[in-house]
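> Would you mind keeping the following structure in view while I ask a few things?
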Amino acid sequence: MAIVNFNKKQFEKEIGKLDEKIQEKIALFGTPIESISQEELQLEIFPNRPDLLSYQGFLRSFKAFIGKTPGLKEYKIDTPKKDHYIIIDKSVEKVRPFTACAIVKNIKFNDENIKNVIDLQEKLHSTVGRKRKRVAIGIYPLDKIKFPITFKAIEPDKIKFIPLGMKDELTGFQILQRHPTGREYSHLLAQKEKYPIFVDANNQILSMPPIINSELTGKIESSTKDIFVECSGFDLNILKKCLNIVVTSL
């Protein structure tokens with residue numbers, strides 16, 4: 001079970017006043033209300049509905065449930081450009097063998113929805129992803145990377161980049177020792193001879209999954225319009241499901 005926090009004002013603008021009738025429908029929908037404050041609506045989301053972990057996912061499903069916008073929503077999927085592909089090197093086979101990826105364009109980011117995206121990532125990491133063991137998700141500004149991208153594994157002392165939230169370049173070993181997220185999830189790579197990385201055509205390291213993105217190529221800002229999303233892990237079917245949840249929320 002996961003707890004999600006939605007903006008109450010935004011929710012009431014889309015659905016209507018959070019009166020007793022709406023609260024009853026929320027409960028019938030299978031997402032019990034944990035608490036309601038002046039600013040937030042807090043709900044419980046059960047493991048069988050990870051698509052409800054984002055506000056956008058919840059709103060889409062709940063509006064269909066109450067008959068406000070019935071039916072399944074359709075999404076337009078374009079064929080990738082010629083160079084928009086991922087090279088999956090054999091070196092990741094025993095480390096983190098699969099990835100599912102997408103490009104999402106024409107997004108209007110602000111501080112609120114950047115926070116929402118990060119919250120969704122972490123909710124998926126801790127639930128479906130089993131604390132990043134099964135699934136790790138990376139999101140990158142498209143304008144800062146060059147395709148094609150390679151997913152490979154190399155020796156940790158050969159990995160050098162500035163991890164998100166830091167100013168200095170570190171090796172793969174150092175990231176696990178010095179970065180807060182690296183220390184928290186170091187057990188996922190500690191016994192590996194090689195660590196997985198995503199690298200673009202300019203030889204820039206985008207991330208070292210399932211640990212951390214690069215500060216230079218993996219930081220979403222309000223000016224970001226187009227993004228590249230990758231999910232990496234051990235079960236391709238689960239990765240595809242997580243990718244669908246992220247891109248439909250976006």
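Scheme for the structure tokens: letters A, B, ... for chains in order shown; per-chain residue numbers from 1; ligand numbers from 1 in order shown.
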I need the residues in segment 15-238 of chain A that are helix (DSSP H, G or I) according to DSSP; give them as a PyMOL selection string.
chain A and resi 20-28+50-52+55-65+90-92+111-126+142-144+156-158+172-178+180-184+186-188+236-238
> What's the 10 Å shell around Ala153 of chain A, counting only C-alpha atoms, without same-chain residues fewer than 5 positions away, as a PyMOL selection string?
chain A and resi 88-97+159+192-198+208
> Quick one: DSSP strand (DSSP E) residues in segment 50-188 of chain A, as a list in words?
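Strand (DSSP E) assignments inside segment 50-188 of chain A correspond to Ile86, Ile87, Ile88, Phe98, Thr99, Ala100, Cys101, Ala102, Ile103, Val104, Val135, Ala136, Ile137, Gly138, Ile139, Tyr140, Pro141, Ile149, Thr150, Phe151, Lys152, Ala153, Ile154, Lys160, Phe161, Leu170 and Thr171 of chain A.
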> With only C-alpha atoms as the counted atoms, please give the residues lying no more than 7 Å from Asp157 of chain A, apart from itself and same-chain residues fewer than 4 positions off, as a PDB file with N, CA and C atoms, in the first residue's frame.

```pdb
ATOM      1  N   THR A 171      33.572   8.683  -9.409  1.00  0.00           N
ATOM      2  CA  THR A 171      33.566   7.382 -10.082  1.00  0.00           C
ATOM      3  C   THR A 171      32.354   6.588  -9.588  1.00  0.00           C
ATOM      4  N   GLY A 172      32.100   5.445 -10.223  1.00  0.00           N
ATOM      5  CA  GLY A 172      31.003   4.595  -9.789  1.00  0.00           C
ATOM      6  C   GLY A 172      31.157   4.172  -8.340  1.00  0.00           C
ATOM      7  N   PHE A 173      32.372   3.796  -7.938  1.00  0.00           N
ATOM      8  CA  PHE A 173      32.640   3.417  -6.548  1.00  0.00           C
ATOM      9  C   PHE A 173      32.330   4.576  -5.600  1.00  0.00           C
TER      10      PHE A 173
END
```
> Measuring between only C-alpha atoms, which one of A:Asn213, A:Lys8, A:Ile26, A:Leu124 shows the shortest distance to Met166 of chain A?
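Among A:Asn213, A:Lys8, A:Ile26, A:Leu124, it is A:Asn213 that comes nearest to Met166 of chain A.
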> Give me, as a tab-separated table, the closest atom pair and its distance (Å, one decimal) for every residue of segment 59-113 of chain A within a cut-off of 10 Å of segment 215-221 of chain A, counting only C-alpha atoms, rows sorted by chain and rising number.

```
residue	atom	partner	partner_atom	distance
A:Phe109	CA	A:Glu221	CA	7.1
A:Asn110	CA	A:Glu221	CA	7.6
A:Asp111	CA	A:Glu221	CA	8.1
```
> Of the candidates A:Ile87, A:Glu12, A:Cys231, A:Ile175, which shows the shortest atom-to-atom distance to Glu39 of chain A, using only C-alpha atoms?
A:Glu12
